[in-house]
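Right, one structure below, let's go through it.
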Amino acid sequence: MDSRRQGIVEVAARLLHERGAAAVTIRAVAQAAGMQAPTIYRFFEDKDALLDAVAEHVFATYVAGKAQSAGDLDPVADLRAGWHTHVGFGLANGALFALLSDPARTHPSPAAEAGAAVLRARVHRVAAAGRLRVPETRAVELIHAAGTGVVLTLLATPPEDRDPSLADEMLESVLRTILHDAAPVPRDDATALAVAFRAVAPTLPTLTPGERSLLTEWLSR
């Protein structure tokens, strides 16, 4: 990245963090960066383009960390970890999170799209493990809506009045909606036969108690 463009983005990111999105104007960024406004326009078409660059700058490390952790844990544990990281990032970067979540934005941020891709990958792993009880798209929508809502709610509450359990309770509510209690039993014929035989093995009259116990143990493996 051009050093001047990088400097502009870093100045804008600082203004966003300290004063909110309304303070990130071309004039204000130019003044804080010690340059003329036309210089800003050499790199960014307008304020929205500059804010997109700021979002990518701040969000890049976060998304990279999310992507790197995916696959290291049990799929459901990984989904939980992603939720907590998402909430933590939102609370630590309130102005940026509100900006990315603003429905008035006319086009999605590439950074937000990258984050959504990581969420979809996590949900797909849960589905592949047989734990998902709703379609993947529905699960992604529920998690995204709940995560965005809980962060915005907490951001709207003074820090000293925030209830940290709100995010945890919201997560548990969503998981109860989208997950099976346990991985479903495979439905192939061989497995079905083994399950049925295991159920009746303890009552088979032709086996000794020791044989019935051994057979039940073997079928449970």
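Letters A, B, ... mark the chains of the structure tokens in the order given; residue numbers begin at 1 per chain; ligand numbers begin at 1, in order shown.
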Which residues are near segment 142-147 of chain A? Cut-off 9 Å, only C-alpha atoms, ignore same chain within fewer than 3 positions. Put them as a compact mmCIF listing (two decimals) with N, CA, C and O atoms, in the first residue's frame.
# COMPACT_ATOMS: atom_id res chain seq x y z
N TRP A 83 -18.20 -16.69 18.17
CA TRP A 83 -19.21 -15.77 18.71
C TRP A 83 -18.57 -14.83 19.74
O TRP A 83 -18.75 -13.61 19.68
N HIS A 86 -16.30 -12.33 18.16
CA HIS A 86 -17.10 -11.34 17.45
C HIS A 86 -17.65 -10.29 18.41
O HIS A 86 -17.56 -9.08 18.16
N VAL A 87 -18.22 -10.75 19.52
CA VAL A 87 -18.78 -9.81 20.50
C VAL A 87 -17.68 -8.95 21.09
O VAL A 87 -17.83 -7.72 21.23
N ALA A 116 -18.28 -12.61 7.10
CA ALA A 116 -19.44 -13.48 6.83
C ALA A 116 -19.00 -14.81 6.24
O ALA A 116 -19.58 -15.86 6.53
N LEU A 119 -17.92 -17.05 9.02
CA LEU A 119 -19.08 -17.59 9.73
C LEU A 119 -19.72 -18.72 8.94
O LEU A 119 -20.07 -19.77 9.51
N THR A 137 -28.02 -21.87 5.60
CA THR A 137 -28.31 -20.45 5.37
C THR A 137 -29.11 -19.87 6.52
O THR A 137 -28.85 -18.75 6.99
N ARG A 138 -30.08 -20.63 7.01
CA ARG A 138 -30.91 -20.17 8.13
C ARG A 138 -30.06 -20.01 9.39
O ARG A 138 -30.22 -19.02 10.13
N ALA A 139 -29.19 -20.95 9.63
CA ALA A 139 -28.32 -20.88 10.81
C ALA A 139 -27.43 -19.65 10.76
O ALA A 139 -27.26 -18.93 11.76
N VAL A 150 -27.08 -8.18 19.64
CA VAL A 150 -26.60 -8.13 21.02
C VAL A 150 -25.45 -7.14 21.17
O VAL A 150 -25.37 -6.42 22.18
N VAL A 151 -24.58 -7.05 20.16
CA VAL A 151 -23.48 -6.07 20.25
C VAL A 151 -24.01 -4.65 20.22
O VAL A 151 -23.61 -3.80 21.02
N LEU A 152 -24.95 -4.37 19.30
CA LEU A 152 -25.52 -3.02 19.22
C LEU A 152 -26.27 -2.66 20.50
O LEU A 152 -26.24 -1.51 20.95
N ALA A 167 -24.93 -11.56 26.18
CA ALA A 167 -24.39 -12.20 24.98
C ALA A 167 -24.37 -13.72 25.14
O ALA A 167 -24.68 -14.45 24.19
N MET A 170 -27.95 -15.04 24.80
CA MET A 170 -28.38 -14.98 23.40
C MET A 170 -27.77 -16.12 22.60
O MET A 170 -28.44 -16.77 21.79
N LEU A 171 -26.50 -16.39 22.83
CA LEU A 171 -25.84 -17.50 22.13
C LEU A 171 -26.52 -18.83 22.44
O LEU A 171 -26.80 -19.62 21.53
N VAL A 174 -29.78 -19.20 20.59
CA VAL A 174 -29.60 -19.50 19.16
C VAL A 174 -29.17 -20.95 18.97
O VAL A 174 -29.69 -21.66 18.10
N LEU A 175 -28.24 -21.42 19.80
CA LEU A 175 -27.76 -22.80 19.67
C LEU A 175 -28.88 -23.81 19.92
O LEU A 175 -28.94 -24.85 19.26
N ILE A 178 -30.76 -24.02 16.59
CA ILE A 178 -30.13 -24.54 15.37
C ILE A 178 -29.46 -25.89 15.52
O ILE A 178 -29.16 -26.54 14.51
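Picture a line from atom CA of Thr39 of chain A to atom CA of Arg27 of chain A; it runs 10.6 Å.
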- [ ] Can you work out which one of A:Val140, A:Val11, A:Val134, A:Val118 has the shortest atom-to-atom distance to Val54 of chain A, counting only C-alpha atoms?
- [x] A:Val11
TODO: Give me, please, the distance in Å between atom CA of Ser101 of chain A and atom CA of Val9 of chain A, quoted to one decimal.
DONE: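 Atom-to-atom, atom CA of Ser101 of chain A to atom CA of Val9 of chain A, that is 19.7 Å.
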Task: Residue among A:Ala112, A:Ala49, A:Ala33, A:Val126 lying closest to Leu100 of chain A, counting only C-alpha atoms - done: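 Between A:Ala112, A:Ala49, A:Ala33, A:Val126, the residue approaching Leu100 of chain A most closely is A:Ala112.
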Open item on the list: When DSSP is applied to the backbone of this structure, which of segment 64-176 of chain A are assigned alpha helix (DSSP H)? Write them out as an MDAnalysis selection string.
Closed with: chainID A and resid 64:69 75:92 94:101 110:128 136:155 165:176
Open item on the list: For Pro75 of chain A, find every residue with an atom within 12 Å (counting only C-alpha atoms), except residues of its own chain fewer than 4 positions away, and show them as a PyMOL selection string.
Closed with: chain A and resi 69-71+79-82+119+121-132+179+183
Export of prior selection with all heavy atoms as a compact mmCIF listing (two decimals), in the first residue's frame:
# COMPACT_ATOMS: atom_id res chain seq x y z
N SER A 69 -8.27 -19.73 13.24
CA SER A 69 -8.72 -20.60 14.32
C SER A 69 -9.74 -21.63 13.84
O SER A 69 -9.93 -22.66 14.48
CB SER A 69 -9.33 -19.77 15.45
OG SER A 69 -10.53 -19.15 15.02
N ALA A 70 -10.42 -21.35 12.73
CA ALA A 70 -11.44 -22.28 12.25
C ALA A 70 -10.81 -23.63 11.94
O ALA A 70 -9.79 -23.73 11.29
CB ALA A 70 -12.10 -21.71 11.00
N GLY A 71 -11.44 -24.68 12.41
CA GLY A 71 -10.94 -26.03 12.14
C GLY A 71 -10.06 -26.58 13.24
O GLY A 71 -9.76 -27.77 13.24
N LEU A 79 -17.61 -22.67 16.87
CA LEU A 79 -18.67 -21.69 16.66
C LEU A 79 -18.85 -20.80 17.88
O LEU A 79 -19.00 -19.57 17.77
CB LEU A 79 -19.98 -22.42 16.34
CG LEU A 79 -21.15 -21.58 15.83
CD1 LEU A 79 -20.79 -20.90 14.52
CD2 LEU A 79 -22.39 -22.46 15.66
N ARG A 80 -18.78 -21.41 19.06
CA ARG A 80 -18.87 -20.62 20.29
C ARG A 80 -17.71 -19.62 20.41
O ARG A 80 -17.91 -18.46 20.77
CB ARG A 80 -18.84 -21.55 21.51
CG ARG A 80 -20.11 -22.37 21.73
CD ARG A 80 -19.92 -23.28 22.95
NE ARG A 80 -21.09 -24.08 23.21
CZ ARG A 80 -22.15 -23.67 23.91
NH1 ARG A 80 -22.15 -22.45 24.40
NH2 ARG A 80 -23.18 -24.47 24.10
N ALA A 81 -16.50 -20.11 20.10
CA ALA A 81 -15.33 -19.24 20.19
C ALA A 81 -15.46 -18.07 19.23
O ALA A 81 -15.11 -16.93 19.56
CB ALA A 81 -14.06 -20.05 19.90
N GLY A 82 -15.95 -18.35 18.02
CA GLY A 82 -16.14 -17.29 17.05
C GLY A 82 -17.13 -16.25 17.52
O GLY A 82 -16.95 -15.04 17.31
N LEU A 119 -17.92 -17.05 9.02
CA LEU A 119 -19.08 -17.59 9.73
C LEU A 119 -19.72 -18.72 8.94
O LEU A 119 -20.07 -19.77 9.51
CB LEU A 119 -20.10 -16.47 9.98
CG LEU A 119 -21.44 -16.92 10.58
CD1 LEU A 119 -21.24 -17.63 11.91
CD2 LEU A 119 -22.39 -15.73 10.73
N ALA A 121 -18.31 -20.73 6.89
CA ALA A 121 -17.44 -21.90 6.96
C ALA A 121 -17.60 -22.61 8.29
O ALA A 121 -17.61 -23.85 8.36
CB ALA A 121 -15.98 -21.48 6.75
N ARG A 122 -17.72 -21.86 9.37
CA ARG A 122 -17.91 -22.46 10.69
C ARG A 122 -19.24 -23.22 10.76
O ARG A 122 -19.31 -24.33 11.28
CB ARG A 122 -17.86 -21.38 11.77
CG ARG A 122 -16.44 -20.95 12.14
CD ARG A 122 -16.45 -20.19 13.47
NE ARG A 122 -15.13 -20.16 14.04
CZ ARG A 122 -14.32 -19.10 14.02
NH1 ARG A 122 -14.72 -18.00 13.43
NH2 ARG A 122 -13.12 -19.15 14.57
N VAL A 123 -20.28 -22.62 10.24
CA VAL A 123 -21.59 -23.27 10.25
C VAL A 123 -21.56 -24.53 9.38
O VAL A 123 -22.16 -25.55 9.73
CB VAL A 123 -22.67 -22.29 9.78
CG1 VAL A 123 -24.00 -23.02 9.53
CG2 VAL A 123 -22.88 -21.18 10.80
N HIS A 124 -20.84 -24.47 8.28
CA HIS A 124 -20.76 -25.65 7.41
C HIS A 124 -20.09 -26.81 8.14
O HIS A 124 -20.49 -27.97 7.97
CB HIS A 124 -19.98 -25.31 6.14
CG HIS A 124 -19.86 -26.47 5.19
ND1 HIS A 124 -20.93 -26.95 4.47
CD2 HIS A 124 -18.80 -27.25 4.86
CE1 HIS A 124 -20.54 -27.98 3.74
NE2 HIS A 124 -19.26 -28.19 3.96
N ARG A 125 -19.07 -26.54 8.94
CA ARG A 125 -18.41 -27.59 9.71
C ARG A 125 -19.39 -28.23 10.70
O ARG A 125 -19.37 -29.45 10.91
CB ARG A 125 -17.20 -27.04 10.46
CG ARG A 125 -16.02 -26.64 9.58
CD ARG A 125 -14.81 -26.29 10.43
NE ARG A 125 -14.34 -27.45 11.16
CZ ARG A 125 -14.12 -27.47 12.47
NH1 ARG A 125 -14.33 -26.39 13.21
NH2 ARG A 125 -13.67 -28.56 13.06
N VAL A 126 -20.23 -27.41 11.32
CA VAL A 126 -21.23 -27.94 12.25
C VAL A 126 -22.21 -28.84 11.50
O VAL A 126 -22.57 -29.92 11.96
CB VAL A 126 -21.97 -26.80 12.96
CG1 VAL A 126 -23.10 -27.34 13.82
CG2 VAL A 126 -21.00 -25.98 13.82
N ALA A 127 -22.62 -28.39 10.31
CA ALA A 127 -23.55 -29.19 9.49
C ALA A 127 -22.91 -30.50 9.08
O ALA A 127 -23.54 -31.57 9.11
CB ALA A 127 -23.98 -28.39 8.26
N ALA A 128 -21.64 -30.45 8.69
CA ALA A 128 -20.94 -31.66 8.25
C ALA A 128 -20.79 -32.67 9.38
O ALA A 128 -20.70 -33.88 9.14
CB ALA A 128 -19.57 -31.30 7.69
N ALA A 129 -20.79 -32.18 10.62
CA ALA A 129 -20.70 -33.08 11.78
C ALA A 129 -22.05 -33.66 12.18
O ALA A 129 -22.14 -34.42 13.14
CB ALA A 129 -20.10 -32.32 12.97
N GLY A 130 -23.11 -33.28 11.44
CA GLY A 130 -24.44 -33.80 11.72
C GLY A 130 -25.14 -33.14 12.88
O GLY A 130 -26.12 -33.68 13.41
N ARG A 131 -24.68 -31.95 13.31
CA ARG A 131 -25.26 -31.30 14.48
C ARG A 131 -26.31 -30.25 14.13
O ARG A 131 -27.01 -29.77 15.03
CB ARG A 131 -24.16 -30.64 15.31
CG ARG A 131 -23.15 -31.58 15.92
CD ARG A 131 -23.77 -32.50 16.95
NE ARG A 131 -24.52 -31.77 17.97
CZ ARG A 131 -23.97 -31.21 19.04
NH1 ARG A 131 -22.66 -31.29 19.23
NH2 ARG A 131 -24.71 -30.60 19.93
N LEU A 132 -26.43 -29.86 12.88
CA LEU A 132 -27.31 -28.76 12.52
C LEU A 132 -28.73 -29.28 12.25
O LEU A 132 -28.92 -30.22 11.51
CB LEU A 132 -26.76 -28.05 11.28
CG LEU A 132 -27.07 -26.56 11.12
CD1 LEU A 132 -26.53 -25.78 12.30
CD2 LEU A 132 -26.43 -26.04 9.83
N LEU A 179 -29.23 -26.35 16.76
CA LEU A 179 -28.46 -27.58 16.95
C LEU A 179 -29.31 -28.74 17.44
O LEU A 179 -30.26 -28.56 18.19
CB LEU A 179 -27.34 -27.36 17.96
CG LEU A 179 -26.24 -26.37 17.62
CD1 LEU A 179 -25.22 -26.32 18.76
CD2 LEU A 179 -25.56 -26.72 16.31
N ALA A 183 -25.05 -35.64 17.98
CA ALA A 183 -24.96 -36.05 16.58
C ALA A 183 -25.93 -37.19 16.33
O ALA A 183 -26.01 -38.14 17.11
CB ALA A 183 -23.54 -36.50 16.26
Open item on the list: When you look at Asp102 of chain A with a cut-off of 12 Å (counting only C-alpha atoms), what residues show up, excluding the ones that are within fewer than 5 positions of it in the same chain? I need them as a PyMOL selection string.
Closed with: chain A and resi 21+95-97+107-109+112+148-149+152
Export of the given selection (N, CA, C and O atoms) as a PDB file, in the first residue's frame:
ATOM      1  N   ALA A  21     -18.172   7.848  13.455  1.00  0.00           N
ATOM      2  CA  ALA A  21     -18.189   7.958  11.998  1.00  0.00           C
ATOM      3  C   ALA A  21     -18.455   9.375  11.508  1.00  0.00           C
ATOM      4  O   ALA A  21     -17.945   9.792  10.461  1.00  0.00           O
ATOM      5  N   ALA A  95     -17.522   2.145  17.185  1.00  0.00           N
ATOM      6  CA  ALA A  95     -17.829   3.013  16.049  1.00  0.00           C
ATOM      7  C   ALA A  95     -17.729   2.254  14.731  1.00  0.00           C
ATOM      8  O   ALA A  95     -18.580   2.400  13.843  1.00  0.00           O
ATOM      9  N   LEU A  96     -16.691   1.432  14.609  1.00  0.00           N
ATOM     10  CA  LEU A  96     -16.522   0.653  13.387  1.00  0.00           C
ATOM     11  C   LEU A  96     -17.642  -0.382  13.249  1.00  0.00           C
ATOM     12  O   LEU A  96     -18.201  -0.566  12.167  1.00  0.00           O
ATOM     13  N   PHE A  97     -17.987  -1.030  14.340  1.00  0.00           N
ATOM     14  CA  PHE A  97     -19.043  -2.045  14.287  1.00  0.00           C
ATOM     15  C   PHE A  97     -20.367  -1.407  13.881  1.00  0.00           C
ATOM     16  O   PHE A  97     -21.104  -1.956  13.054  1.00  0.00           O
ATOM     17  N   HIS A 107     -23.604  -0.294  -0.071  1.00  0.00           N
ATOM     18  CA  HIS A 107     -22.878  -1.460  -0.559  1.00  0.00           C
ATOM     19  C   HIS A 107     -22.140  -2.117   0.601  1.00  0.00           C
ATOM     20  O   HIS A 107     -21.697  -1.446   1.525  1.00  0.00           O
ATOM     21  N   PRO A 108     -22.021  -3.440   0.591  1.00  0.00           N
ATOM     22  CA  PRO A 108     -21.374  -4.135   1.697  1.00  0.00           C
ATOM     23  C   PRO A 108     -19.872  -3.890   1.723  1.00  0.00           C
ATOM     24  O   PRO A 108     -19.237  -3.732   0.683  1.00  0.00           O
ATOM     25  N   SER A 109     -19.327  -3.848   2.908  1.00  0.00           N
ATOM     26  CA  SER A 109     -17.887  -3.698   3.060  1.00  0.00           C
ATOM     27  C   SER A 109     -17.200  -5.014   2.733  1.00  0.00           C
ATOM     28  O   SER A 109     -17.651  -6.077   3.155  1.00  0.00           O
ATOM     29  N   ALA A 112     -16.559  -6.840   5.923  1.00  0.00           N
ATOM     30  CA  ALA A 112     -17.727  -7.519   6.475  1.00  0.00           C
ATOM     31  C   ALA A 112     -18.030  -8.789   5.698  1.00  0.00           C
ATOM     32  O   ALA A 112     -18.420  -9.816   6.275  1.00  0.00           O
ATOM     33  N   THR A 148     -25.214  -9.395  15.809  1.00  0.00           N
ATOM     34  CA  THR A 148     -25.274  -7.955  15.544  1.00  0.00           C
ATOM     35  C   THR A 148     -26.169  -7.266  16.563  1.00  0.00           C
ATOM     36  O   THR A 148     -25.814  -6.218  17.127  1.00  0.00           O
ATOM     37  N   GLY A 149     -27.331  -7.862  16.818  1.00  0.00           N
ATOM     38  CA  GLY A 149     -28.273  -7.251  17.752  1.00  0.00           C
ATOM     39  C   GLY A 149     -27.725  -7.133  19.157  1.00  0.00           C
ATOM     40  O   GLY A 149     -27.879  -6.087  19.808  1.00  0.00           O
ATOM     41  N   LEU A 152     -24.946  -4.370  19.301  1.00  0.00           N
ATOM     42  CA  LEU A 152     -25.515  -3.019  19.219  1.00  0.00           C
ATOM     43  C   LEU A 152     -26.275  -2.663  20.495  1.00  0.00           C
ATOM     44  O   LEU A 152     -26.244  -1.511  20.947  1.00  0.00           O
TER      45      LEU A 152
END
Open item on the list: Please report the interatomic distance between atom CA of Leu155 of chain A and atom CA of Gly94 of chain A in Å with one decimal.
Closed with: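 Separation of atom CA of Leu155 of chain A and atom CA of Gly94 of chain A: 6.5 Å.
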- [ ] Compare A:Ala117, A:Ile8, A:Val58, A:Leu73 by their minimum atom-to-atom distance to Ala92 of chain A, counting only C-alpha atoms, and give me the closest one.
- [x] A:Val58
